[in-house]
>>> print(open('upload_13.pdb').read())   # PDB, C-alpha atoms
ATOM      1  CA  MET A 295      72.472 121.213 109.019
ATOM      2  CA  ALA A 296      73.461 124.152 106.808
ATOM      3  CA  VAL A 297      77.038 125.305 106.969
ATOM      4  CA  ASP A 298      78.004 128.843 106.119
ATOM      5  CA  THR A 299      80.898 128.405 103.715
ATOM      6  CA  PRO A 300      83.427 131.248 103.890
ATOM      7  CA  TRP A 301      83.822 131.665 100.105
ATOM      8  CA  LEU A 302      87.050 132.995  98.649
ATOM      9  CA  ASP A 303      87.041 136.694  97.804
ATOM     10  CA  GLU A 304      88.241 137.841  94.363
ATOM     11  CA  GLU A 305      91.845 138.315  95.461
ATOM     12  CA  GLN A 306      91.978 134.913  97.195
ATOM     13  CA  LEU A 307      90.333 133.205  94.223
ATOM     14  CA  ALA A 308      92.790 134.841  91.804
ATOM     15  CA  ALA A 309      95.720 133.537  93.895
ATOM     16  CA  TRP A 310      94.172 130.082  94.278
ATOM     17  CA  VAL A 311      93.491 129.465  90.581
ATOM     18  CA  ARG A 312      97.050 130.505  89.743
ATOM     19  CA  LEU A 313      98.443 128.065  92.297
ATOM     20  CA  VAL A 314      96.246 125.299  90.850
ATOM     21  CA  ALA A 315      97.481 126.135  87.340
ATOM     22  CA  ILE A 316     101.106 125.895  88.521
ATOM     23  CA  VAL A 317     100.439 122.598  90.326
ATOM     24  CA  GLU A 318      98.883 121.220  87.128
ATOM     25  CA  LEU A 319     101.359 122.593  84.558
ATOM     26  CA  LEU A 320     104.765 122.359  86.263
ATOM     27  CA  PRO A 321     104.897 118.553  86.698
ATOM     28  CA  GLY A 322     104.281 118.078  82.969
ATOM     29  CA  VAL A 323     107.039 120.541  82.060
ATOM     30  CA  LEU A 324     109.523 118.834  84.391
ATOM     31  CA  ASP A 325     108.486 115.339  83.294
ATOM     32  CA  SER A 326     108.695 116.158  79.567
ATOM     33  CA  GLN A 327     112.204 117.573  79.816
ATOM     34  CA  LEU A 328     113.523 114.672  81.892
ATOM     35  CA  ARG A 329     111.895 112.032  79.674
ATOM     36  CA  ARG A 330     113.278 113.675  76.545
ATOM     37  CA  ASP A 331     116.795 114.368  77.815
ATOM     38  CA  ALA A 332     117.453 111.599  80.360
ATOM     39  CA  GLY A 333     114.833 108.876  79.827
ATOM     40  CA  LEU A 334     113.509 109.411  83.358
ATOM     41  CA  THR A 335     110.215 110.514  84.817
ATOM     42  CA  HIS A 336     110.369 113.398  87.252
ATOM     43  CA  PHE A 337     109.615 111.024  90.135
ATOM     44  CA  GLU A 338     112.396 108.636  89.053
ATOM     45  CA  TYR A 339     114.823 111.563  88.912
ATOM     46  CA  TYR A 340     113.632 112.790  92.307
ATOM     47  CA  ALA A 341     114.189 109.367  93.877
ATOM     48  CA  LEU A 342     117.659 109.123  92.312
ATOM     49  CA  ALA A 343     118.483 112.658  93.481
ATOM     50  CA  MET A 344     117.438 111.856  97.066
ATOM     51  CA  LEU A 345     119.694 108.791  97.003
ATOM     52  CA  SER A 346     122.546 110.821  95.494
ATOM     53  CA  GLU A 347     122.458 113.200  98.475
ATOM     54  CA  ALA A 348     122.280 110.468 101.152
ATOM     55  CA  PRO A 349     125.328 109.138 102.995
ATOM     56  CA  GLN A 350     126.891 106.351 100.905
ATOM     57  CA  ARG A 351     124.088 107.166  98.404
ATOM     58  CA  THR A 352     121.925 104.750 100.409
ATOM     59  CA  LEU A 353     118.579 105.077 102.195
ATOM     60  CA  ARG A 354     116.100 102.709 103.751
ATOM     61  CA  MET A 355     113.131 102.360 101.474
ATOM     62  CA  THR A 356     110.915 103.833 104.216
ATOM     63  CA  SER A 357     113.162 106.927 104.439
ATOM     64  CA  LEU A 358     113.214 107.290 100.667
ATOM     65  CA  GLY A 359     109.435 107.015 100.685
ATOM     66  CA  MET A 360     109.149 109.760 103.291
ATOM     67  CA  GLN A 361     111.568 112.034 101.421
ATOM     68  CA  THR A 362     109.705 111.589  98.136
ATOM     69  CA  ASN A 363     106.213 111.460  99.702
ATOM     70  CA  ALA A 364     105.595 108.119  98.008
ATOM     71  CA  SER A 365     103.693 105.145  99.313
ATOM     72  CA  LEU A 366     105.860 102.055  99.719
ATOM     73  CA  PRO A 367     103.994 100.175  96.940
ATOM     74  CA  ARG A 368     104.540 103.067  94.475
ATOM     75  CA  LEU A 369     108.145 103.482  95.551
ATOM     76  CA  SER A 370     108.823  99.739  95.301
ATOM     77  CA  HIS A 371     107.446  99.719  91.760
ATOM     78  CA  VAL A 372     109.601 102.691  90.710
ATOM     79  CA  VAL A 373     112.733 101.366  92.439
ATOM     80  CA  ARG A 374     112.200  97.978  90.772
ATOM     81  CA  ARG A 375     112.159  99.735  87.368
ATOM     82  CA  LEU A 376     115.302 101.685  88.279
ATOM     83  CA  GLU A 377     116.906  98.452  89.509
ATOM     84  CA  GLU A 378     116.119  96.736  86.182
ATOM     85  CA  ARG A 379     117.955  99.585  84.439
ATOM     86  CA  GLY A 380     120.971  99.175  86.726
ATOM     87  CA  LEU A 381     120.521 102.587  88.367
ATOM     88  CA  VAL A 382     119.629 101.378  91.875
ATOM     89  CA  GLU A 383     120.235  98.229  93.887
ATOM     90  CA  ARG A 384     118.238  96.975  96.851
ATOM     91  CA  PHE A 385     119.626  94.908  99.693
ATOM     92  CA  PRO A 386     118.675  93.972 103.264
ATOM     93  CA  CYS A 387     119.439  96.675 105.801
ATOM     94  CA  PRO A 388     122.422  95.499 107.874
ATOM     95  CA  ASP A 389     120.988  97.166 111.021
ATOM     96  CA  ASP A 390     117.479  95.720 110.636
ATOM     97  CA  ALA A 391     116.935  92.573 108.590
ATOM     98  CA  ARG A 392     113.233  93.456 108.232
ATOM     99  CA  ALA A 393     114.106  96.630 106.330
ATOM    100  CA  THR A 394     115.356  97.069 102.785
ATOM    101  CA  ASN A 395     117.885  99.646 101.645
ATOM    102  CA  ALA A 396     118.137 101.249  98.238
ATOM    103  CA  ARG A 397     121.530 102.352  96.962
ATOM    104  CA  LEU A 398     122.409 104.387  93.923
ATOM    105  CA  THR A 399     124.755 102.423  91.655
ATOM    106  CA  GLU A 400     127.628 104.012  89.748
ATOM    107  CA  ALA A 401     125.372 103.994  86.670
ATOM    108  CA  GLY A 402     122.660 105.702  88.726
ATOM    109  CA  TRP A 403     125.116 108.321  89.950
ATOM    110  CA  ALA A 404     126.186 108.932  86.339
ATOM    111  CA  LYS A 405     122.503 109.244  85.313
ATOM    112  CA  VAL A 406     121.838 111.851  88.032
ATOM    113  CA  ARG A 407     124.909 113.849  86.965
ATOM    114  CA  GLU A 408     123.790 113.595  83.324
ATOM    115  CA  ALA A 409     120.198 114.646  84.057
ATOM    116  CA  ALA A 410     120.831 117.394  86.618
ATOM    117  CA  PRO A 411     121.997 120.224  84.318
ATOM    118  CA  GLY A 412     118.944 119.979  82.065
ATOM    119  CA  HIS A 413     116.610 119.664  85.037
ATOM    120  CA  VAL A 414     118.123 122.702  86.769
ATOM    121  CA  SER A 415     117.952 124.649  83.524
ATOM    122  CA  THR A 416     114.245 123.791  83.184
ATOM    123  CA  VAL A 417     113.547 124.780  86.797
ATOM    124  CA  ARG A 418     115.462 128.018  86.337
ATOM    125  CA  GLN A 419     113.816 128.846  83.002
ATOM    126  CA  ASN A 420     110.259 128.086  84.127
ATOM    127  CA  VAL A 421     110.292 129.181  87.770
ATOM    128  CA  VAL A 422     113.356 130.903  89.218
ATOM    129  CA  ASP A 423     114.139 133.283  86.350
ATOM    130  CA  ALA A 424     110.497 134.408  86.259
ATOM    131  CA  LEU A 425     110.938 135.834  89.776
ATOM    132  CA  THR A 426     112.933 138.635  91.351
ATOM    133  CA  ALA A 427     115.232 137.816  94.286
ATOM    134  CA  SER A 428     112.578 139.262  96.589
ATOM    135  CA  GLN A 429     109.905 137.057  95.017
ATOM    136  CA  VAL A 430     112.102 133.959  95.481
ATOM    137  CA  ALA A 431     112.289 134.804  99.201
ATOM    138  CA  GLN A 432     108.521 135.366  99.227
ATOM    139  CA  LEU A 433     107.969 132.013  97.502
ATOM    140  CA  THR A 434     110.018 130.317 100.224
ATOM    141  CA  ALA A 435     107.947 132.042 102.916
ATOM    142  CA  ILE A 436     104.694 131.154 101.139
ATOM    143  CA  GLY A 437     105.856 127.554 100.765
ATOM    144  CA  ASP A 438     106.681 127.405 104.479
ATOM    145  CA  ALA A 439     103.248 128.752 105.428
ATOM    146  CA  ILE A 440     101.442 126.223 103.223
ATOM    147  CA  LEU A 441     103.703 123.344 104.252
ATOM    148  CA  GLU A 442     102.963 124.098 107.898
ATOM    149  CA  LYS A 443      99.341 123.161 107.092
ATOM    150  CA  LEU A 444     100.029 120.302 104.653
ATOM    151  CA  ASP A 445     102.870 118.725 106.640
ATOM    152  CA  PRO A 446     102.196 119.714 110.278
ATOM    153  CA  HIS A 447     104.398 116.919 111.639
ATOM    154  CA  GLY A 448     107.288 117.794 109.327
ATOM    155  CA  THR A 449     107.318 114.382 107.673
ATOM    156  CA  MET A 450     109.029 115.809 104.586
ATOM    157  CA  SER A 451     110.852 118.676 106.329
ATOM    158  CA  ALA A 452     114.245 117.013 105.896
ATOM    159  CA  THR A 453     113.651 117.276 102.147
ATOM    160  CA  TYR A 454     112.404 120.843 101.952
ATOM    161  CA  ASN A 455     114.594 122.342 104.693
ATOM    162  CA  ARG A 456     117.902 120.827 103.630
ATOM    163  CA  TYR A 457     119.020 123.886 101.671
ATOM    164  CA  ASP A 458     117.936 126.530 104.168
ATOM    165  CA  ARG A 459     120.628 128.939 105.236
ATOM    166  CA  SER A 460     121.874 128.636 108.783
ATOM    167  CA  PRO A 461     121.045 131.611 110.970
ATOM    168  CA  GLU A 462     124.143 133.780 111.159
TER     169      GLU A 462
END
>>> encode(input="upload_13.pdb", output="structure tokens")
Amino acid sequence: MAVDTPWLDEEQLAAWVRLVAIVELLPGVLDSQLRRDAGLTHFEYYALAMLSEAPQRTLRMTSLGMQTNASLPRLSHVVRRLEERGLVERFPCPDDARATNARLTEAGWAKVREAAPGHVSTVRQNVVDALTASQVAQLTAIGDAILEKLDPHGTMSATYNRYDRSPE
């Protein structure tokens, strides 16, 4: 059965290949800076940052996995490495003995505070400062439109909506 593929036109293709280039290049830029300056991968930093913003700097592993879009095996491996470095501690969830919590230690909190300025500077230098204020708003709108397709159930919405302005 032949399917008529609706091919991308030139304008759509130009936009698509640029998005692919960003998706391929940006993680390496972020990872390189964090490895060099803080001894962390971008994912390790992201996990620590999510814990740093949680109440009591603690999340269930399942919640941390949802916020970072990580499978539990990948997250467990990364948290174990962070635990070995004294940045995170795991313990049974007091509300549900079947669940495990991850908590940022004081050393982990210090690591996030140490790494954040360089990370923000890299994000600003490579993304934000390349855009006008109008383009930043457009990027948010574009991100929302794409995320509506990629995350229709809003699994990660708590992560990407947390800094949205309240309607005034």
>>> closest_residue(input="upload_13.pdb", among="A:Arg459, A:Arg354, A:Arg368, A:His447", to="A:Thr434", atoms="all atoms listed in the file")
A:Arg459
>>> residues_around(input="upload_13.pdb", residues="A:Ala410", least_positions_apart="5", cutoff="9 Å", atoms="only C-alpha atoms", output="list in words")
Tyr339, Ala343, Lys405 and Ser415 of chain A
>>> atom_distance(input="upload_13.pdb", atom1="atom CA of A:Trp310", atom2="atom CA of A:Pro446")
20.7 Å
>>> atom_distance(input="upload_13.pdb", atom1="atom CA of A:Glu338", atom2="atom CA of A:Val311")
28.2 Å
>>> atom_distance(input="upload_13.pdb", atom1="atom CA of A:Gly437", atom2="atom CA of A:Gln306")
16.1 Å
>>> closest_residue(input="upload_13.pdb", among="A:Val421, A:Val382, A:Thr449, A:His413", to="A:Thr356", atoms="only C-alpha atoms")
A:Thr449
>>> resolve_selection(input="upload_13.pdb", expression="the PyMOL selection byres ((chain A and resi 455) around 12)", output="number ranges by chain")
A: 361, 434-435, 437-438, 441, 448-454, 456-460
>>> closest_residue(input="upload_13.pdb", among="A:Leu313, A:Leu302, A:Leu345, A:Leu366", to="A:Ile440", atoms="only C-alpha atoms")
A:Leu313
>>> closest_residue(input="upload_13.pdb", among="A:Glu305, A:Glu378, A:Glu347, A:Asp389", to="A:Trp403", atoms="all atoms listed in the file")
A:Glu347
>>> build_atoms(input="upload_13.pdb", residues="stretch 396-429 of chain A", atoms="N, CA and C atoms", output="PDB file, in the frame of the given file")
ATOM      1  N   ALA A 396     117.936 100.981  99.659  1.00  0.00           N
ATOM      2  CA  ALA A 396     118.137 101.249  98.238  1.00  0.00           C
ATOM      3  C   ALA A 396     119.420 102.058  98.117  1.00  0.00           C
ATOM      4  N   ARG A 397     120.254 101.658  97.165  1.00  0.00           N
ATOM      5  CA  ARG A 397     121.530 102.352  96.962  1.00  0.00           C
ATOM      6  C   ARG A 397     121.664 102.721  95.494  1.00  0.00           C
ATOM      7  N   LEU A 398     122.132 103.914  95.269  1.00  0.00           N
ATOM      8  CA  LEU A 398     122.409 104.387  93.923  1.00  0.00           C
ATOM      9  C   LEU A 398     123.659 103.670  93.410  1.00  0.00           C
ATOM     10  N   THR A 399     123.588 103.070  92.247  1.00  0.00           N
ATOM     11  CA  THR A 399     124.755 102.423  91.655  1.00  0.00           C
ATOM     12  C   THR A 399     125.621 103.482  90.973  1.00  0.00           C
ATOM     13  N   GLU A 400     126.776 103.079  90.509  1.00  0.00           N
ATOM     14  CA  GLU A 400     127.628 104.012  89.748  1.00  0.00           C
ATOM     15  C   GLU A 400     126.894 104.499  88.501  1.00  0.00           C
ATOM     16  N   ALA A 401     126.152 103.593  87.849  1.00  0.00           N
ATOM     17  CA  ALA A 401     125.372 103.994  86.670  1.00  0.00           C
ATOM     18  C   ALA A 401     124.275 104.989  87.062  1.00  0.00           C
ATOM     19  N   GLY A 402     123.675 104.781  88.226  1.00  0.00           N
ATOM     20  CA  GLY A 402     122.660 105.702  88.726  1.00  0.00           C
ATOM     21  C   GLY A 402     123.249 107.064  89.033  1.00  0.00           C
ATOM     22  N   TRP A 403     124.423 107.078  89.648  1.00  0.00           N
ATOM     23  CA  TRP A 403     125.116 108.321  89.950  1.00  0.00           C
ATOM     24  C   TRP A 403     125.446 109.059  88.648  1.00  0.00           C
ATOM     25  N   ALA A 404     125.899 108.319  87.643  1.00  0.00           N
ATOM     26  CA  ALA A 404     126.186 108.932  86.339  1.00  0.00           C
ATOM     27  C   ALA A 404     124.906 109.496  85.723  1.00  0.00           C
ATOM     28  N   LYS A 405     123.780 108.790  85.871  1.00  0.00           N
ATOM     29  CA  LYS A 405     122.503 109.244  85.313  1.00  0.00           C
ATOM     30  C   LYS A 405     122.052 110.540  85.984  1.00  0.00           C
ATOM     31  N   VAL A 406     122.203 110.620  87.316  1.00  0.00           N
ATOM     32  CA  VAL A 406     121.838 111.851  88.032  1.00  0.00           C
ATOM     33  C   VAL A 406     122.701 113.011  87.544  1.00  0.00           C
ATOM     34  N   ARG A 407     123.997 112.789  87.427  1.00  0.00           N
ATOM     35  CA  ARG A 407     124.909 113.849  86.965  1.00  0.00           C
ATOM     36  C   ARG A 407     124.584 114.251  85.530  1.00  0.00           C
ATOM     37  N   GLU A 408     124.165 113.299  84.712  1.00  0.00           N
ATOM     38  CA  GLU A 408     123.790 113.595  83.324  1.00  0.00           C
ATOM     39  C   GLU A 408     122.487 114.392  83.267  1.00  0.00           C
ATOM     40  N   ALA A 409     121.529 114.026  84.107  1.00  0.00           N
ATOM     41  CA  ALA A 409     120.198 114.646  84.057  1.00  0.00           C
ATOM     42  C   ALA A 409     120.126 115.994  84.769  1.00  0.00           C
ATOM     43  N   ALA A 410     120.946 116.205  85.771  1.00  0.00           N
ATOM     44  CA  ALA A 410     120.831 117.394  86.618  1.00  0.00           C
ATOM     45  C   ALA A 410     120.944 118.728  85.870  1.00  0.00           C
ATOM     46  N   PRO A 411     121.907 118.910  84.977  1.00  0.00           N
ATOM     47  CA  PRO A 411     121.997 120.224  84.318  1.00  0.00           C
ATOM     48  C   PRO A 411     120.732 120.609  83.541  1.00  0.00           C
ATOM     49  N   GLY A 412     120.161 119.682  82.808  1.00  0.00           N
ATOM     50  CA  GLY A 412     118.944 119.979  82.065  1.00  0.00           C
ATOM     51  C   GLY A 412     117.769 120.237  82.982  1.00  0.00           C
ATOM     52  N   HIS A 413     117.689 119.474  84.073  1.00  0.00           N
ATOM     53  CA  HIS A 413     116.610 119.664  85.037  1.00  0.00           C
ATOM     54  C   HIS A 413     116.717 121.038  85.692  1.00  0.00           C
ATOM     55  N   VAL A 414     117.919 121.395  86.131  1.00  0.00           N
ATOM     56  CA  VAL A 414     118.123 122.702  86.769  1.00  0.00           C
ATOM     57  C   VAL A 414     117.827 123.822  85.781  1.00  0.00           C
ATOM     58  N   SER A 415     118.236 123.645  84.553  1.00  0.00           N
ATOM     59  CA  SER A 415     117.952 124.649  83.524  1.00  0.00           C
ATOM     60  C   SER A 415     116.444 124.831  83.329  1.00  0.00           C
ATOM     61  N   THR A 416     115.705 123.722  83.339  1.00  0.00           N
ATOM     62  CA  THR A 416     114.245 123.791  83.184  1.00  0.00           C
ATOM     63  C   THR A 416     113.601 124.466  84.388  1.00  0.00           C
ATOM     64  N   VAL A 417     114.063 124.134  85.584  1.00  0.00           N
ATOM     65  CA  VAL A 417     113.547 124.780  86.797  1.00  0.00           C
ATOM     66  C   VAL A 417     113.848 126.272  86.756  1.00  0.00           C
ATOM     67  N   ARG A 418     115.076 126.602  86.407  1.00  0.00           N
ATOM     68  CA  ARG A 418     115.462 128.018  86.337  1.00  0.00           C
ATOM     69  C   ARG A 418     114.614 128.749  85.299  1.00  0.00           C
ATOM     70  N   GLN A 419     114.523 128.196  84.107  1.00  0.00           N
ATOM     71  CA  GLN A 419     113.816 128.846  83.002  1.00  0.00           C
ATOM     72  C   GLN A 419     112.330 129.041  83.304  1.00  0.00           C
ATOM     73  N   ASN A 420     111.706 128.047  83.937  1.00  0.00           N
ATOM     74  CA  ASN A 420     110.259 128.086  84.127  1.00  0.00           C
ATOM     75  C   ASN A 420     109.798 128.627  85.475  1.00  0.00           C
ATOM     76  N   VAL A 421     110.698 128.708  86.440  1.00  0.00           N
ATOM     77  CA  VAL A 421     110.292 129.181  87.770  1.00  0.00           C
ATOM     78  C   VAL A 421     111.209 130.293  88.259  1.00  0.00           C
ATOM     79  N   VAL A 422     112.454 129.978  88.528  1.00  0.00           N
ATOM     80  CA  VAL A 422     113.356 130.903  89.218  1.00  0.00           C
ATOM     81  C   VAL A 422     113.573 132.194  88.432  1.00  0.00           C
ATOM     82  N   ASP A 423     113.859 132.087  87.139  1.00  0.00           N
ATOM     83  CA  ASP A 423     114.139 133.283  86.350  1.00  0.00           C
ATOM     84  C   ASP A 423     112.905 134.159  86.118  1.00  0.00           C
ATOM     85  N   ALA A 424     111.721 133.616  86.384  1.00  0.00           N
ATOM     86  CA  ALA A 424     110.497 134.408  86.259  1.00  0.00           C
ATOM     87  C   ALA A 424     110.287 135.310  87.476  1.00  0.00           C
ATOM     88  N   LEU A 425     111.112 135.124  88.517  1.00  0.00           N
ATOM     89  CA  LEU A 425     110.938 135.834  89.776  1.00  0.00           C
ATOM     90  C   LEU A 425     112.121 136.745  90.073  1.00  0.00           C
ATOM     91  N   THR A 426     111.854 137.806  90.822  1.00  0.00           N
ATOM     92  CA  THR A 426     112.933 138.635  91.351  1.00  0.00           C
ATOM     93  C   THR A 426     113.497 137.925  92.584  1.00  0.00           C
ATOM     94  N   ALA A 427     114.645 138.400  93.072  1.00  0.00           N
ATOM     95  CA  ALA A 427     115.232 137.816  94.286  1.00  0.00           C
ATOM     96  C   ALA A 427     114.253 137.944  95.452  1.00  0.00           C
ATOM     97  N   SER A 428     113.566 139.051  95.525  1.00  0.00           N
ATOM     98  CA  SER A 428     112.578 139.262  96.589  1.00  0.00           C
ATOM     99  C   SER A 428     111.422 138.268  96.457  1.00  0.00           C
ATOM    100  N   GLN A 429     110.993 138.013  95.231  1.00  0.00           N
ATOM    101  CA  GLN A 429     109.905 137.057  95.017  1.00  0.00           C
ATOM    102  C   GLN A 429     110.335 135.635  95.347  1.00  0.00           C
TER     103      GLN A 429
END
